[in-house]
Amino acid sequence: MDTPMLQVKNLCTSFNVDAGEVRAVNGISFNLDKGKVLGIVGESGSGKSVTAYSIMRILVEPGKIVGGEILFNGEDIVKYSKKQMREFRGKRVSIIFQDPMTSLNPPFTIGNQLREAILLHTDRNRAEANARALEMLQLVGVNEPEKRLKQYPHELSGGMRQRVMIAIALLCDPELLIADEPTTALDVTIQAQILDLLRSINEKLGTSIILITHDLGVVASMVDTVAVMYCGHIVEKADVRTIFQHPLHPYTEGLLRSIPHMDDSQGDLATIEGSVPSIYHMPEGCAFHNRCACCRKICTQ
């Protein structure tokens, strides 16, 4: 049996703050095979983005990985030096952030930012970098790509900026693409276009993808496997068909009930009562018990 491309084993990520050590990711494990798509879902504050930043090793102080392994093709990248990680990012694994306007550099043209990534990670010269930048904008469906290379981020629409971010992420043909809520700030029409683009990248280029989202509806036709996160833990993990047809955890059931349906033209949308507990004051026992209709005494311990 082939070894998974990515293996996350008992990963723990902490933030040391004035109140003490806070575990944002607490012992999660999952695998991702080459060419497959994994969806990580959950409400804001579940630890999804911290998981992505841990894999990329881009945690900002005081955050740090305090336990576990992140094996990429068998190598534990937690042990990589800063130099090794600079070579690793972009070349082998890339990330698309939530808000492209804050990810792109305002005073530099789109062409400048594309060329910089190419020149940094490859041995191409400037002319070859220009050609590659143009090729990538065409690949991700940016219209008038020659014109866009000379424009600044503020001159592009939100959907266009997100396509540029995807182009930057794909410049060096990474094996894994992490998309951290890539459609959050976009309207539904552009959302569908971006998801179609990611699906096409996976199918045509064979790029593995981790899609992070708070919306189970987004992953329905996109992913192979789903990991449901809550308060730093993975509470349920299964193939996408099983998650939708036979969910086991009450939190997963709540997320599924909250997906709007075409026949729900009357009445209020279903919600999960309460909110995600503060990471500073986690409840004893199952973290979901104070919001769960199925709670029993054992859940509180």
# chains A, B, ... in the order shown; residues from 1 in each chain; ligands from 1
$ select_by_dssp --residues "region 64-218 of chain A" --states "alpha helix (DSSP H)" --output "PyMOL selection string"
chain A and resi 82-88+100-103+110-121+126-139+145-149+158-170+188-205+216-218
$ select_by_dssp --residues "region 13-61 of chain A" --states "strand (DSSP E)" --output "PDB file with C-alpha atoms, in the first residue's frame"
ATOM      1  CA  THR A  13      -0.180  23.845  18.265  1.00  0.00           C
ATOM      2  CA  SER A  14      -0.139  26.245  21.213  1.00  0.00           C
ATOM      3  CA  PHE A  15      -0.117  29.985  21.833  1.00  0.00           C
ATOM      4  CA  ASN A  16       1.564  31.252  24.979  1.00  0.00           C
ATOM      5  CA  VAL A  17      -0.421  34.296  26.098  1.00  0.00           C
ATOM      6  CA  GLY A  20      -1.150  30.829  29.952  1.00  0.00           C
ATOM      7  CA  GLU A  21      -0.751  28.190  27.257  1.00  0.00           C
ATOM      8  CA  VAL A  22      -3.704  27.896  24.863  1.00  0.00           C
ATOM      9  CA  ARG A  23      -4.074  24.828  22.634  1.00  0.00           C
ATOM     10  CA  ALA A  24      -5.582  25.945  19.317  1.00  0.00           C
ATOM     11  CA  VAL A  25      -4.932  22.542  17.731  1.00  0.00           C
ATOM     12  CA  ASN A  26      -5.027  19.638  20.145  1.00  0.00           C
ATOM     13  CA  GLY A  27      -3.812  16.265  18.922  1.00  0.00           C
ATOM     14  CA  ILE A  28      -5.283  16.016  15.425  1.00  0.00           C
ATOM     15  CA  SER A  29      -4.340  13.324  12.895  1.00  0.00           C
ATOM     16  CA  PHE A  30      -5.231  12.820   9.227  1.00  0.00           C
ATOM     17  CA  ASN A  31      -3.756  11.561   5.948  1.00  0.00           C
ATOM     18  CA  LEU A  32      -3.956  12.895   2.400  1.00  0.00           C
ATOM     19  CA  VAL A  37      -8.936  16.506  -1.962  1.00  0.00           C
ATOM     20  CA  LEU A  38      -9.498  16.812   1.801  1.00  0.00           C
ATOM     21  CA  GLY A  39     -12.098  19.171   3.238  1.00  0.00           C
ATOM     22  CA  ILE A  40     -11.595  20.548   6.764  1.00  0.00           C
ATOM     23  CA  VAL A  41     -14.855  22.062   8.024  1.00  0.00           C
TER      24      VAL A  41
END
$ residues_around --residues "Glu135 (chain A)" --least-positions-apart "6" --cutoff "10 Å" --atoms "only C-alpha atoms" --output "list in words"
Ala129, Pro145, Glu146, Ala167 and Leu171 of chain A
$ atom_distance --atom1 "CA of Met85 (chain A)" --atom2 "CA of Asn10 (chain A)"
20.7 Å
$ residues_around --residues "region 291-300 of chain A" --least-positions-apart "2" --cutoff "8 Å" --atoms "only C-alpha atoms" --output "PyMOL selection string"
chain A and resi 250-251+272-275+283-286+288-289
$ write_last_selection --atoms "C-alpha atoms" --output "mmCIF file, in the first residue's frame"
data_model
loop_
_atom_site.group_PDB
_atom_site.id
_atom_site.type_symbol
_atom_site.label_atom_id
_atom_site.label_comp_id
_atom_site.auth_asym_id
_atom_site.auth_seq_id
_atom_site.Cartn_x
_atom_site.Cartn_y
_atom_site.Cartn_z
ATOM 1 C CA PRO A 250 -24.082 15.623 16.811
ATOM 2 C CA TYR A 251 -21.921 18.577 15.729
ATOM 3 C CA ILE A 272 -26.722 25.222 16.289
ATOM 4 C CA GLU A 273 -27.653 26.852 19.587
ATOM 5 C CA GLY A 274 -24.968 28.787 21.447
ATOM 6 C CA SER A 275 -21.469 29.516 20.198
ATOM 7 C CA PRO A 283 -15.499 23.086 29.236
ATOM 8 C CA GLU A 284 -14.723 19.767 30.864
ATOM 9 C CA GLY A 285 -15.476 16.607 28.910
ATOM 10 C CA CYS A 286 -16.739 16.937 25.336
ATOM 11 C CA PHE A 288 -19.628 20.422 22.389
ATOM 12 C CA HIS A 289 -21.749 19.192 25.320
#
$ closest_residue --among "A:Gly254, A:Gly45, A:Gly68, A:Pro100" --to "Ala270 (chain A)" --atoms "only C-alpha atoms"
A:Gly254
$ decode --residues "region 195-210 of chain A" --atoms "all heavy atoms" --output "compact mmCIF listing (two decimals), in the first residue's frame"
# COMPACT_ATOMS: atom_id res chain seq x y z
N LEU A 195 -14.51 27.57 -7.10
CA LEU A 195 -14.55 26.14 -6.76
C LEU A 195 -14.39 25.28 -8.01
O LEU A 195 -13.71 24.25 -7.99
CB LEU A 195 -15.86 25.80 -6.04
CG LEU A 195 -16.00 26.38 -4.62
CD1 LEU A 195 -17.39 26.10 -4.08
CD2 LEU A 195 -14.94 25.79 -3.69
N ASP A 196 -15.00 25.71 -9.11
CA ASP A 196 -14.82 24.99 -10.39
C ASP A 196 -13.36 25.03 -10.81
O ASP A 196 -12.82 24.04 -11.33
CB ASP A 196 -15.70 25.62 -11.48
CG ASP A 196 -17.17 25.23 -11.34
OD1 ASP A 196 -17.46 24.25 -10.62
OD2 ASP A 196 -18.02 25.91 -11.93
N LEU A 197 -12.71 26.18 -10.60
CA LEU A 197 -11.30 26.31 -10.97
C LEU A 197 -10.44 25.37 -10.13
O LEU A 197 -9.55 24.68 -10.66
CB LEU A 197 -10.85 27.76 -10.76
CG LEU A 197 -9.37 28.07 -10.97
CD1 LEU A 197 -8.91 27.68 -12.36
CD2 LEU A 197 -9.09 29.55 -10.71
N LEU A 198 -10.69 25.31 -8.82
CA LEU A 198 -9.93 24.41 -7.95
C LEU A 198 -10.15 22.94 -8.34
O LEU A 198 -9.21 22.14 -8.36
CB LEU A 198 -10.32 24.62 -6.48
CG LEU A 198 -9.91 25.96 -5.86
CD1 LEU A 198 -10.49 26.09 -4.46
CD2 LEU A 198 -8.39 26.08 -5.81
N ARG A 199 -11.39 22.61 -8.68
CA ARG A 199 -11.68 21.24 -9.11
C ARG A 199 -10.93 20.91 -10.40
O ARG A 199 -10.38 19.81 -10.55
CB ARG A 199 -13.20 21.10 -9.32
CG ARG A 199 -13.66 19.66 -9.51
CD ARG A 199 -15.17 19.59 -9.70
NE ARG A 199 -15.90 20.10 -8.56
CZ ARG A 199 -16.62 21.21 -8.55
NH1 ARG A 199 -16.69 21.97 -9.64
NH2 ARG A 199 -17.25 21.61 -7.47
N SER A 200 -10.88 21.87 -11.32
CA SER A 200 -10.17 21.67 -12.57
C SER A 200 -8.67 21.50 -12.34
O SER A 200 -8.02 20.66 -12.98
CB SER A 200 -10.43 22.87 -13.50
OG SER A 200 -9.67 22.78 -14.67
N ILE A 201 -8.11 22.28 -11.42
CA ILE A 201 -6.68 22.17 -11.08
C ILE A 201 -6.38 20.77 -10.55
O ILE A 201 -5.38 20.15 -10.91
CB ILE A 201 -6.30 23.25 -10.06
CG1 ILE A 201 -6.29 24.63 -10.73
CG2 ILE A 201 -4.94 22.96 -9.41
CD1 ILE A 201 -6.26 25.79 -9.76
N ASN A 202 -7.25 20.28 -9.69
CA ASN A 202 -7.06 18.93 -9.13
C ASN A 202 -7.13 17.86 -10.21
O ASN A 202 -6.30 16.94 -10.25
CB ASN A 202 -8.13 18.69 -8.05
CG ASN A 202 -8.17 17.25 -7.59
OD1 ASN A 202 -9.14 16.53 -7.85
ND2 ASN A 202 -7.14 16.80 -6.91
N GLU A 203 -8.09 17.99 -11.12
CA GLU A 203 -8.29 16.97 -12.14
C GLU A 203 -7.23 17.01 -13.24
O GLU A 203 -6.72 15.98 -13.67
CB GLU A 203 -9.69 17.11 -12.75
CG GLU A 203 -10.81 16.78 -11.77
CD GLU A 203 -12.19 17.13 -12.31
OE1 GLU A 203 -12.24 17.73 -13.42
OE2 GLU A 203 -13.19 16.83 -11.64
N LYS A 204 -6.89 18.22 -13.70
CA LYS A 204 -5.97 18.36 -14.84
C LYS A 204 -4.50 18.28 -14.44
O LYS A 204 -3.68 17.71 -15.16
CB LYS A 204 -6.24 19.68 -15.57
CG LYS A 204 -7.59 19.72 -16.26
CD LYS A 204 -7.81 21.05 -16.97
CE LYS A 204 -9.17 21.11 -17.65
NZ LYS A 204 -9.40 22.43 -18.31
N LEU A 205 -4.16 18.88 -13.29
CA LEU A 205 -2.76 18.93 -12.87
C LEU A 205 -2.41 17.85 -11.86
O LEU A 205 -1.23 17.63 -11.57
CB LEU A 205 -2.42 20.31 -12.29
CG LEU A 205 -2.69 21.53 -13.18
CD1 LEU A 205 -2.28 22.81 -12.46
CD2 LEU A 205 -1.94 21.40 -14.51
N GLY A 206 -3.44 17.21 -11.28
CA GLY A 206 -3.18 16.18 -10.27
C GLY A 206 -2.73 16.75 -8.94
O GLY A 206 -2.16 16.04 -8.10
N THR A 207 -2.98 18.05 -8.70
CA THR A 207 -2.56 18.69 -7.46
C THR A 207 -3.47 18.27 -6.31
O THR A 207 -4.70 18.33 -6.43
CB THR A 207 -2.63 20.23 -7.61
OG1 THR A 207 -1.90 20.63 -8.77
CG2 THR A 207 -2.07 20.93 -6.38
N SER A 208 -2.88 17.81 -5.22
CA SER A 208 -3.66 17.51 -4.02
C SER A 208 -4.11 18.83 -3.39
O SER A 208 -3.40 19.83 -3.46
CB SER A 208 -2.82 16.73 -3.01
OG SER A 208 -2.35 15.52 -3.59
N ILE A 209 -5.29 18.82 -2.78
CA ILE A 209 -5.85 20.05 -2.21
C ILE A 209 -6.39 19.80 -0.81
O ILE A 209 -7.03 18.77 -0.56
CB ILE A 209 -6.97 20.61 -3.11
CG1 ILE A 209 -6.43 21.03 -4.48
CG2 ILE A 209 -7.66 21.81 -2.44
CD1 ILE A 209 -7.51 21.49 -5.47
N ILE A 210 -6.11 20.73 0.10
CA ILE A 210 -6.81 20.80 1.38
C ILE A 210 -7.70 22.03 1.32
O ILE A 210 -7.21 23.15 1.20
CB ILE A 210 -5.84 20.90 2.58
CG1 ILE A 210 -5.00 19.62 2.71
CG2 ILE A 210 -6.61 21.13 3.88
CD1 ILE A 210 -3.98 19.67 3.84
